[in-house]
file coords_33.pdb (PDB, C-alpha atoms, pLDDT in the B column)
ATOM      1  CA  MET W  26      95.287 102.653 127.484  1.00 42.00           C
ATOM      2  CA  ASP W  27      92.041 102.315 129.398  1.00 43.00           C
ATOM      3  CA  SER W  28      88.656 102.448 127.736  1.00 48.00           C
ATOM      4  CA  ASP W  29      87.530 105.779 129.250  1.00 65.00           C
ATOM      5  CA  GLN W  30      86.408 108.064 126.446  1.00 74.00           C
ATOM      6  CA  LEU W  31      87.482 111.690 126.683  1.00 86.00           C
ATOM      7  CA  GLN W  32      84.919 114.472 126.325  1.00 92.00           C
ATOM      8  CA  ILE W  33      84.922 118.269 126.622  1.00 94.00           C
ATOM      9  CA  LYS W  34      81.806 120.479 126.535  1.00 94.00           C
ATOM     10  CA  MET W  35      81.359 124.135 125.622  1.00 94.00           C
ATOM     11  CA  GLY W  36      77.709 125.205 125.736  1.00 95.00           C
ATOM     12  CA  ILE W  37      75.755 123.250 123.117  1.00 97.00           C
ATOM     13  CA  TYR W  38      79.011 121.956 121.605  1.00 97.00           C
ATOM     14  CA  ASN W  39      80.982 118.955 122.734  1.00 96.00           C
ATOM     15  CA  ILE W  40      83.887 116.972 121.468  1.00 98.00           C
ATOM     16  CA  ARG W  41      84.398 113.380 122.405  1.00 97.00           C
ATOM     17  CA  GLN W  42      86.467 110.410 121.455  1.00 96.00           C
ATOM     18  CA  LEU W  43      84.636 108.207 118.999  1.00 95.00           C
ATOM     19  CA  ARG W  44      84.164 104.611 120.088  1.00 93.00           C
ATOM     20  CA  GLU W  45      85.366 101.744 117.925  1.00 89.00           C
ATOM     21  CA  ASN W  46      81.773 100.958 116.932  1.00 93.00           C
ATOM     22  CA  GLU W  47      81.422 104.514 115.541  1.00 95.00           C
ATOM     23  CA  ALA W  48      83.785 104.064 112.612  1.00 95.00           C
ATOM     24  CA  ASP W  49      80.863 104.926 110.316  1.00 96.00           C
ATOM     25  CA  LEU W  50      80.713 108.440 111.840  1.00 96.00           C
ATOM     26  CA  TYR W  51      84.440 108.829 111.264  1.00 96.00           C
ATOM     27  CA  LYS W  52      84.121 107.648 107.662  1.00 95.00           C
ATOM     28  CA  LEU W  53      81.195 110.024 107.017  1.00 95.00           C
ATOM     29  CA  ILE W  54      82.891 113.174 108.315  1.00 95.00           C
ATOM     30  CA  ARG W  55      86.347 112.302 106.966  1.00 93.00           C
ATOM     31  CA  LEU W  56      85.065 111.731 103.412  1.00 93.00           C
ATOM     32  CA  GLU W  57      83.061 114.988 103.668  1.00 93.00           C
ATOM     33  CA  THR W  58      86.250 116.706 104.768  1.00 90.00           C
ATOM     34  CA  LEU W  59      88.246 115.436 101.819  1.00 89.00           C
ATOM     35  CA  GLN W  60      85.495 116.285  99.331  1.00 89.00           C
ATOM     36  CA  THR W  61      84.769 119.810 100.582  1.00 90.00           C
ATOM     37  CA  GLU W  62      88.324 120.879 101.483  1.00 88.00           C
ATOM     38  CA  PRO W  63      90.723 119.052  99.105  1.00 82.00           C
ATOM     39  CA  SER W  64      93.186 121.924  99.209  1.00 83.00           C
ATOM     40  CA  MET W  65      93.794 121.345 102.935  1.00 86.00           C
ATOM     41  CA  PHE W  66      94.663 117.639 102.910  1.00 87.00           C
ATOM     42  CA  ARG W  67      97.520 115.635 101.436  1.00 83.00           C
ATOM     43  CA  CYS W  68      97.122 112.681  99.129  1.00 74.00           C
ATOM     44  CA  SER W  69      97.184 109.326 100.901  1.00 78.00           C
ATOM     45  CA  THR W  70      97.845 105.780  99.820  1.00 67.00           C
ATOM     46  CA  PRO W  71      95.492 104.057  99.578  1.00 76.00           C
ATOM     47  CA  ALA W  72      93.022 106.825  98.810  1.00 83.00           C
ATOM     48  CA  GLU W  73      90.591 107.062 101.722  1.00 87.00           C
ATOM     49  CA  ALA W  74      87.582 106.900  99.385  1.00 86.00           C
ATOM     50  CA  ASP W  75      88.704 103.352  98.514  1.00 89.00           C
ATOM     51  CA  LEU W  76      89.004 102.019 102.083  1.00 91.00           C
ATOM     52  CA  THR W  77      86.882  99.087 103.201  1.00 93.00           C
ATOM     53  CA  ASP W  78      84.677  99.262 106.295  1.00 93.00           C
ATOM     54  CA  ALA W  79      87.238  97.069 108.097  1.00 93.00           C
ATOM     55  CA  GLN W  80      90.006  99.551 107.237  1.00 93.00           C
ATOM     56  CA  TRP W  81      87.897 102.448 108.554  1.00 94.00           C
ATOM     57  CA  GLN W  82      87.317 100.455 111.746  1.00 93.00           C
ATOM     58  CA  GLU W  83      91.062  99.923 112.103  1.00 94.00           C
ATOM     59  CA  ARG W  84      91.774 103.648 111.676  1.00 93.00           C
ATOM     60  CA  ILE W  85      89.703 104.575 114.712  1.00 94.00           C
ATOM     61  CA  LYS W  86      91.550 102.230 117.069  1.00 94.00           C
ATOM     62  CA  TYR W  87      94.526 102.806 119.327  1.00 94.00           C
ATOM     63  CA  PRO W  88      97.299 103.927 118.640  1.00 96.00           C
ATOM     64  CA  ARG W  89      95.048 106.590 117.109  1.00 95.00           C
ATOM     65  CA  ALA W  90      92.194 108.478 118.730  1.00 95.00           C
ATOM     66  CA  VAL W  91      89.537 110.130 116.605  1.00 97.00           C
ATOM     67  CA  PHE W  92      87.319 112.806 118.105  1.00 97.00           C
ATOM     68  CA  GLY W  93      83.935 113.943 116.835  1.00 97.00           C
ATOM     69  CA  LEU W  94      82.834 117.537 117.304  1.00 98.00           C
ATOM     70  CA  PHE W  95      79.080 117.807 117.905  1.00 98.00           C
ATOM     71  CA  GLU W  96      76.427 120.491 118.123  1.00 98.00           C
ATOM     72  CA  ASN W  97      74.146 118.702 120.574  1.00 96.00           C
ATOM     73  CA  ASP W  98      74.011 115.295 118.794  1.00 94.00           C
ATOM     74  CA  LYS W  99      74.803 116.563 115.271  1.00 97.00           C
ATOM     75  CA  LEU W 100      78.323 115.774 114.004  1.00 98.00           C
ATOM     76  CA  ILE W 101      79.908 119.020 112.742  1.00 98.00           C
ATOM     77  CA  GLY W 102      83.629 118.289 112.757  1.00 97.00           C
ATOM     78  CA  MET W 103      86.464 115.995 113.682  1.00 97.00           C
ATOM     79  CA  THR W 104      90.120 115.704 114.590  1.00 97.00           C
ATOM     80  CA  SER W 105      92.584 112.957 115.443  1.00 96.00           C
ATOM     81  CA  ILE W 106      95.840 112.180 117.182  1.00 97.00           C
ATOM     82  CA  ARG W 107      98.153 109.263 116.375  1.00 97.00           C
ATOM     83  CA  LEU W 108     100.982 107.908 118.454  1.00 97.00           C
ATOM     84  CA  LEU W 109     104.347 107.957 116.707  1.00 97.00           C
ATOM     85  CA  ASN W 110     106.075 106.156 119.600  1.00 97.00           C
ATOM     86  CA  ASP W 111     105.702 106.027 123.392  1.00 96.00           C
ATOM     87  CA  LYS W 112     106.736 109.691 123.776  1.00 97.00           C
ATOM     88  CA  GLU W 113     105.365 111.500 120.695  1.00 98.00           C
ATOM     89  CA  ALA W 114     102.102 111.895 118.804  1.00 98.00           C
ATOM     90  CA  TYR W 115     100.980 113.622 115.619  1.00 97.00           C
ATOM     91  CA  LEU W 116      97.859 115.812 115.452  1.00 97.00           C
ATOM     92  CA  GLY W 117      95.897 115.694 112.233  1.00 93.00           C
ATOM     93  CA  GLN W 118      92.671 115.499 110.277  1.00 93.00           C
ATOM     94  CA  SER W 119      91.112 118.615 111.782  1.00 94.00           C
ATOM     95  CA  TYR W 120      87.916 119.850 110.183  1.00 94.00           C
ATOM     96  CA  ILE W 121      84.947 121.989 111.186  1.00 96.00           C
ATOM     97  CA  ARG W 122      82.038 122.556 108.817  1.00 96.00           C
ATOM     98  CA  LYS W 123      82.178 126.071 107.341  1.00 95.00           C
ATOM     99  CA  GLN W 124      79.017 127.355 109.034  1.00 97.00           C
ATOM    100  CA  TYR W 125      80.563 126.580 112.459  1.00 97.00           C
ATOM    101  CA  ARG W 126      83.932 128.235 111.873  1.00 93.00           C
ATOM    102  CA  GLY W 127      84.833 131.420 113.715  1.00 92.00           C
ATOM    103  CA  LEU W 128      83.032 130.316 116.902  1.00 94.00           C
ATOM    104  CA  GLY W 129      86.179 129.327 118.821  1.00 92.00           C
ATOM    105  CA  LEU W 130      85.493 125.628 118.343  1.00 95.00           C
ATOM    106  CA  SER W 131      89.017 124.867 117.094  1.00 93.00           C
ATOM    107  CA  ALA W 132      90.132 125.300 120.718  1.00 94.00           C
ATOM    108  CA  LEU W 133      88.144 122.152 121.517  1.00 96.00           C
ATOM    109  CA  LEU W 134      90.097 120.247 118.851  1.00 95.00           C
ATOM    110  CA  TYR W 135      93.381 121.165 120.525  1.00 95.00           C
ATOM    111  CA  LYS W 136      92.183 120.741 124.114  1.00 95.00           C
ATOM    112  CA  ILE W 137      90.853 117.202 123.600  1.00 97.00           C
ATOM    113  CA  ARG W 138      94.033 116.026 121.882  1.00 96.00           C
ATOM    114  CA  MET W 139      96.198 117.618 124.549  1.00 95.00           C
ATOM    115  CA  ALA W 140      94.086 115.873 127.220  1.00 96.00           C
ATOM    116  CA  TRP W 141      94.658 112.546 125.424  1.00 96.00           C
ATOM    117  CA  ALA W 142      98.402 113.248 125.248  1.00 96.00           C
ATOM    118  CA  SER W 143      98.459 114.153 128.935  1.00 95.00           C
ATOM    119  CA  LYS W 144      96.641 110.943 129.819  1.00 94.00           C
ATOM    120  CA  LEU W 145      99.425 109.022 128.049  1.00 95.00           C
ATOM    121  CA  GLN W 146     102.146 111.254 129.562  1.00 96.00           C
ATOM    122  CA  LEU W 147     103.553 112.102 126.146  1.00 97.00           C
ATOM    123  CA  LYS W 148     106.548 114.403 125.889  1.00 97.00           C
ATOM    124  CA  GLN W 149     105.990 115.962 122.460  1.00 97.00           C
ATOM    125  CA  LEU W 150     103.233 116.704 119.953  1.00 97.00           C
ATOM    126  CA  LYS W 151     103.730 117.375 116.261  1.00 97.00           C
ATOM    127  CA  VAL W 152     101.399 119.067 113.804  1.00 96.00           C
ATOM    128  CA  SER W 153     101.632 120.301 110.218  1.00 95.00           C
ATOM    129  CA  HIS W 154      99.715 122.356 107.681  1.00 94.00           C
ATOM    130  CA  ARG W 155      99.910 123.528 104.102  1.00 92.00           C
ATOM    131  CA  ALA W 156     102.172 126.579 103.902  1.00 94.00           C
ATOM    132  CA  SER W 157      99.342 128.809 102.650  1.00 93.00           C
ATOM    133  CA  ASN W 158      96.943 127.742 105.441  1.00 92.00           C
ATOM    134  CA  THR W 159      97.358 130.761 107.709  1.00 91.00           C
ATOM    135  CA  VAL W 160      94.315 129.826 109.822  1.00 89.00           C
ATOM    136  CA  SER W 161      95.947 126.536 110.871  1.00 90.00           C
ATOM    137  CA  LYS W 162      99.217 128.339 111.490  1.00 91.00           C
ATOM    138  CA  ALA W 163      97.555 130.827 113.824  1.00 91.00           C
ATOM    139  CA  ALA W 164      95.658 128.074 115.675  1.00 91.00           C
ATOM    140  CA  ASN W 165      98.675 125.886 116.366  1.00 92.00           C
ATOM    141  CA  GLN W 166     100.770 128.866 117.430  1.00 92.00           C
ATOM    142  CA  ARG W 167      98.016 129.949 119.877  1.00 92.00           C
ATOM    143  CA  PHE W 168      98.571 126.589 121.573  1.00 93.00           C
ATOM    144  CA  GLY W 169     102.339 127.040 121.765  1.00 95.00           C
ATOM    145  CA  PHE W 170     103.583 124.998 118.803  1.00 96.00           C
ATOM    146  CA  LYS W 171     106.944 126.121 117.392  1.00 97.00           C
ATOM    147  CA  TYR W 172     108.068 125.880 113.771  1.00 96.00           C
ATOM    148  CA  SER W 173     110.363 122.917 113.068  1.00 96.00           C
ATOM    149  CA  TYR W 174     110.857 122.391 109.306  1.00 97.00           C
ATOM    150  CA  ARG W 175     109.179 122.259 105.884  1.00 97.00           C
ATOM    151  CA  GLU W 176     108.919 119.754 103.028  1.00 96.00           C
ATOM    152  CA  SER W 177     107.181 119.563  99.686  1.00 95.00           C
ATOM    153  CA  ALA W 178     103.867 117.660  99.518  1.00 91.00           C
ATOM    154  CA  ASN W 179     101.210 116.675  96.996  1.00 89.00           C
ATOM    155  CA  TRP W 180      97.721 117.875  97.897  1.00 89.00           C
ATOM    156  CA  LEU W 181      94.311 116.417  97.049  1.00 86.00           C
ATOM    157  CA  ASP W 182      93.521 119.448  94.886  1.00 88.00           C
ATOM    158  CA  GLY W 183      96.289 118.299  92.522  1.00 88.00           C
ATOM    159  CA  THR W 184      98.871 120.898  93.503  1.00 91.00           C
ATOM    160  CA  THR W 185     102.285 120.706  95.155  1.00 93.00           C
ATOM    161  CA  GLU W 186     103.115 123.068  98.013  1.00 93.00           C
ATOM    162  CA  ASP W 187     105.268 122.952 101.114  1.00 95.00           C
ATOM    163  CA  THR W 188     104.010 121.490 104.369  1.00 94.00           C
ATOM    164  CA  LEU W 189     105.152 123.296 107.525  1.00 95.00           C
ATOM    165  CA  TYR W 190     105.830 121.182 110.631  1.00 97.00           C
ATOM    166  CA  TYR W 191     105.636 122.321 114.256  1.00 97.00           C
ATOM    167  CA  VAL W 192     106.383 120.763 117.640  1.00 97.00           C
ATOM    168  CA  LEU W 193     105.153 121.327 121.166  1.00 97.00           C
ATOM    169  CA  ASN W 194     107.230 120.025 124.066  1.00 96.00           C
ATOM    170  CA  LEU W 195     104.947 118.929 126.883  1.00 95.00           C
ATOM    171  CA  GLN W 196     107.477 118.109 129.612  1.00 78.00           C
TER
END

call {"tool": "encode", "arguments": {"input": "coords_33.pdb", "output": "structure tokens"}}
result
Amino acid sequence: MDSDQLQIKMGIYNIRQLRENEADLYKLIRLETLQTEPSMFRCSTPAEADLTDAQWQERIKYPRAVFGLFENDKLIGMTSIRLLNDKEAYLGQSYIRKQYRGLGLSALLYKIRMAWASKLQLKQLKVSHRASNTVSKAANQRFGFKYSYRESANWLDGTTEDTLYYVLNLQ
């Protein structure tokens, strides 16, 4: 993959791929995400709060792309995409601060990841959400994702609830 960083603008908002030297921005917004919205994210091992700076740096590198959502230069959200193999990728870690929700900015999260997938000529994207997260369900279905299957998951808020998985065939 070349080093060109993707970016999409919408008025005063823009979303762009974070550079490897911006792992601190990723860490900042990701930890905020997990603290403010624990009911929307699954438990991970190791817990992200315990990662070293080197591990955060590694998580921003290919085969993953992390995108920061900005109001002018102020970081207000994030999303990521991770290659599963040379034909498929998984969309995840989407978050927009509450005061910026309802402005249509989630479209930028999908558009930037789809542009990254197109650049790599991927054939399929996968995404998931907590069964009760109807906002995520509506967003992924607006972009053409189709339901695939469900499985039980443990969530950061200490509960267990099904995760719903979706796929989007690109070619």

call {"tool": "closest_residue", "arguments": {"input": "coords_33.pdb", "among": "W:Gly183, W:Gly93, W:Gly36, W:Pro88", "to": "Ile121 in chain W", "atoms": "all atoms listed in the file"}}
result
W:Gly93

call {"tool": "resolve_selection", "arguments": {"input": "coords_33.pdb", "expression": "the PyMOL selection byres ((chain W and resi 158-175) around 7)", "output": "JSON, numbers by chain"}}
result
{"W": [154, 155, 156, 157, 176, 187, 188, 189, 190, 191, 192, 193]}

call {"tool": "write_last_selection", "arguments": {"input": "coords_33.pdb", "atoms": "C-alpha atoms", "output": "PDB file, in the frame of the given file"}}
result
ATOM      1  CA  HIS W 154      99.715 122.356 107.681  1.00 94.00           C
ATOM      2  CA  ARG W 155      99.910 123.528 104.102  1.00 92.00           C
ATOM      3  CA  ALA W 156     102.172 126.579 103.902  1.00 94.00           C
ATOM      4  CA  SER W 157      99.342 128.809 102.650  1.00 93.00           C
ATOM      5  CA  GLU W 176     108.919 119.754 103.028  1.00 96.00           C
ATOM      6  CA  ASP W 187     105.268 122.952 101.114  1.00 95.00           C
ATOM      7  CA  THR W 188     104.010 121.490 104.369  1.00 94.00           C
ATOM      8  CA  LEU W 189     105.152 123.296 107.525  1.00 95.00           C
ATOM      9  CA  TYR W 190     105.830 121.182 110.631  1.00 97.00           C
ATOM     10  CA  TYR W 191     105.636 122.321 114.256  1.00 97.00           C
ATOM     11  CA  VAL W 192     106.383 120.763 117.640  1.00 97.00           C
ATOM     12  CA  LEU W 193     105.153 121.327 121.166  1.00 97.00           C
TER      13      LEU W 193
END

call {"tool": "atom_distance", "arguments": {"input": "coords_33.pdb", "atom1": "CA of Glu186 in chain W", "atom2": "CA of Ala114 in chain W"}}
result
23.6 Å

call {"tool": "residues_near_point", "arguments": {"input": "coords_33.pdb", "point": "(81.2, 119.1, 112.7)", "cutoff": "8 Å", "atoms": "only C-alpha atoms", "output": "list in words"}}
result
Ile54, Gly93, Leu94, Phe95, Glu96, Lys99, Leu100, Ile101, Gly102, Met103, Tyr120, Ile121, Arg122 and Tyr125 of chain W

call {"tool": "closest_residue", "arguments": {"input": "coords_33.pdb", "among": "W:Arg138, W:Ser153, W:Gly129, W:Thr185", "to": "Met35 in chain W", "atoms": "only C-alpha atoms"}}
result
W:Gly129

call {"tool": "resolve_selection", "arguments": {"input": "coords_33.pdb", "expression": "the PyMOL selection byres ((chain W and resi 58-67) around 7)", "output": "PyMOL selection string"}}
result
chain W and resi 54-57+68-69+120+155+178-182

call {"tool": "atom_distance", "arguments": {"input": "coords_33.pdb", "atom1": "CA of Arg44 in chain W", "atom2": "CA of Gln30 in chain W"}}
result
7.6 Å

call {"tool": "resolve_selection", "arguments": {"input": "coords_33.pdb", "expression": "the PyMOL selection byres ((chain W and resi 83) around 12)", "output": "MDAnalysis selection string"}}
result
chainID W and resid 44:49 51:52 76:82 84:91

call {"tool": "atom_distance", "arguments": {"input": "coords_33.pdb", "atom1": "CA of Val152 in chain W", "atom2": "CA of Tyr115 in chain W"}}
result
5.8 Å

call {"tool": "decode", "arguments": {"input": "coords_33.pdb", "residues": "range 155-166 of chain W", "atoms": "all heavy atoms", "output": "mmCIF file, in the first residue's frame"}}
result
data_model
loop_
_atom_site.group_PDB
_atom_site.id
_atom_site.type_symbol
_atom_site.label_atom_id
_atom_site.label_comp_id
_atom_site.auth_asym_id
_atom_site.auth_seq_id
_atom_site.Cartn_x
_atom_site.Cartn_y
_atom_site.Cartn_z
ATOM 1 N N ARG W 155 -23.714 -4.265 18.397
ATOM 2 C CA ARG W 155 -24.525 -4.845 19.466
ATOM 3 C C ARG W 155 -25.972 -4.901 18.985
ATOM 4 O O ARG W 155 -26.460 -3.970 18.330
ATOM 5 C CB ARG W 155 -24.394 -3.970 20.707
ATOM 6 C CG ARG W 155 -25.011 -4.555 21.941
ATOM 7 C CD ARG W 155 -24.702 -3.690 23.150
ATOM 8 N NE ARG W 155 -25.279 -4.283 24.342
ATOM 9 C CZ ARG W 155 -24.788 -4.126 25.553
ATOM 10 N NH1 ARG W 155 -23.720 -3.386 25.749
ATOM 11 N NH2 ARG W 155 -25.368 -4.697 26.580
ATOM 12 N N ALA W 156 -26.663 -5.981 19.284
ATOM 13 C CA ALA W 156 -28.019 -6.179 18.781
ATOM 14 C C ALA W 156 -28.938 -5.002 19.095
ATOM 15 O O ALA W 156 -29.773 -4.624 18.272
ATOM 16 C CB ALA W 156 -28.606 -7.475 19.340
ATOM 17 N N SER W 157 -28.791 -4.388 20.250
ATOM 18 C CA SER W 157 -29.675 -3.287 20.638
ATOM 19 C C SER W 157 -29.258 -1.938 20.043
ATOM 20 O O SER W 157 -29.976 -0.950 20.210
ATOM 21 C CB SER W 157 -29.734 -3.177 22.167
ATOM 22 O OG SER W 157 -28.441 -2.942 22.690
ATOM 23 N N ASN W 158 -28.169 -1.874 19.317
ATOM 24 C CA ASN W 158 -27.681 -0.616 18.749
ATOM 25 C C ASN W 158 -28.361 -0.356 17.402
ATOM 26 O O ASN W 158 -27.802 -0.605 16.341
ATOM 27 C CB ASN W 158 -26.158 -0.643 18.612
ATOM 28 C CG ASN W 158 -25.585 0.699 18.201
ATOM 29 O OD1 ASN W 158 -26.299 1.586 17.750
ATOM 30 N ND2 ASN W 158 -24.289 0.835 18.360
ATOM 31 N N THR W 159 -29.565 0.176 17.467
ATOM 32 C CA THR W 159 -30.353 0.402 16.248
ATOM 33 C C THR W 159 -29.787 1.518 15.377
ATOM 34 O O THR W 159 -30.001 1.529 14.170
ATOM 35 C CB THR W 159 -31.826 0.699 16.604
ATOM 36 O OG1 THR W 159 -31.872 1.832 17.478
ATOM 37 C CG2 THR W 159 -32.477 -0.505 17.277
ATOM 38 N N VAL W 160 -29.046 2.449 15.961
ATOM 39 C CA VAL W 160 -28.431 3.528 15.183
ATOM 40 C C VAL W 160 -27.362 2.943 14.253
ATOM 41 O O VAL W 160 -27.313 3.278 13.068
ATOM 42 C CB VAL W 160 -27.849 4.620 16.107
ATOM 43 C CG1 VAL W 160 -27.051 5.645 15.324
ATOM 44 C CG2 VAL W 160 -28.966 5.296 16.892
ATOM 45 N N SER W 161 -26.516 2.056 14.789
ATOM 46 C CA SER W 161 -25.503 1.411 13.944
ATOM 47 C C SER W 161 -26.150 0.545 12.874
ATOM 48 O O SER W 161 -25.689 0.505 11.730
ATOM 49 C CB SER W 161 -24.549 0.562 14.787
ATOM 50 O OG SER W 161 -23.695 1.391 15.524
ATOM 51 N N LYS W 162 -27.208 -0.138 13.245
ATOM 52 C CA LYS W 162 -27.918 -0.977 12.273
ATOM 53 C C LYS W 162 -28.422 -0.134 11.103
ATOM 54 O O LYS W 162 -28.216 -0.478 9.936
ATOM 55 C CB LYS W 162 -29.092 -1.693 12.944
ATOM 56 C CG LYS W 162 -29.913 -2.538 11.994
ATOM 57 C CD LYS W 162 -31.081 -3.198 12.714
ATOM 58 C CE LYS W 162 -31.906 -4.033 11.751
ATOM 59 N NZ LYS W 162 -33.018 -4.695 12.420
ATOM 60 N N ALA W 163 -29.052 0.974 11.404
ATOM 61 C CA ALA W 163 -29.580 1.842 10.351
ATOM 62 C C ALA W 163 -28.455 2.396 9.473
ATOM 63 O O ALA W 163 -28.579 2.439 8.247
ATOM 64 C CB ALA W 163 -30.384 2.984 10.965
ATOM 65 N N ALA W 164 -27.347 2.784 10.095
ATOM 66 C CA ALA W 164 -26.220 3.350 9.335
ATOM 67 C C ALA W 164 -25.631 2.329 8.385
ATOM 68 O O ALA W 164 -25.421 2.619 7.199
ATOM 69 C CB ALA W 164 -25.152 3.877 10.287
ATOM 70 N N ASN W 165 -25.361 1.114 8.863
ATOM 71 C CA ASN W 165 -24.730 0.149 7.956
ATOM 72 C C ASN W 165 -25.695 -0.298 6.857
ATOM 73 O O ASN W 165 -25.282 -0.555 5.731
ATOM 74 C CB ASN W 165 -24.034 -1.005 8.692
ATOM 75 C CG ASN W 165 -24.947 -2.020 9.299
ATOM 76 O OD1 ASN W 165 -25.817 -2.565 8.633
ATOM 77 N ND2 ASN W 165 -24.721 -2.312 10.572
ATOM 78 N N GLN W 166 -26.974 -0.338 7.150
ATOM 79 C CA GLN W 166 -27.934 -0.717 6.117
ATOM 80 C C GLN W 166 -28.107 0.393 5.076
ATOM 81 O O GLN W 166 -28.342 0.107 3.903
ATOM 82 C CB GLN W 166 -29.258 -1.129 6.745
ATOM 83 C CG GLN W 166 -29.100 -2.462 7.454
ATOM 84 C CD GLN W 166 -30.378 -2.991 8.058
ATOM 85 O OE1 GLN W 166 -31.413 -2.348 8.055
ATOM 86 N NE2 GLN W 166 -30.298 -4.195 8.586
#
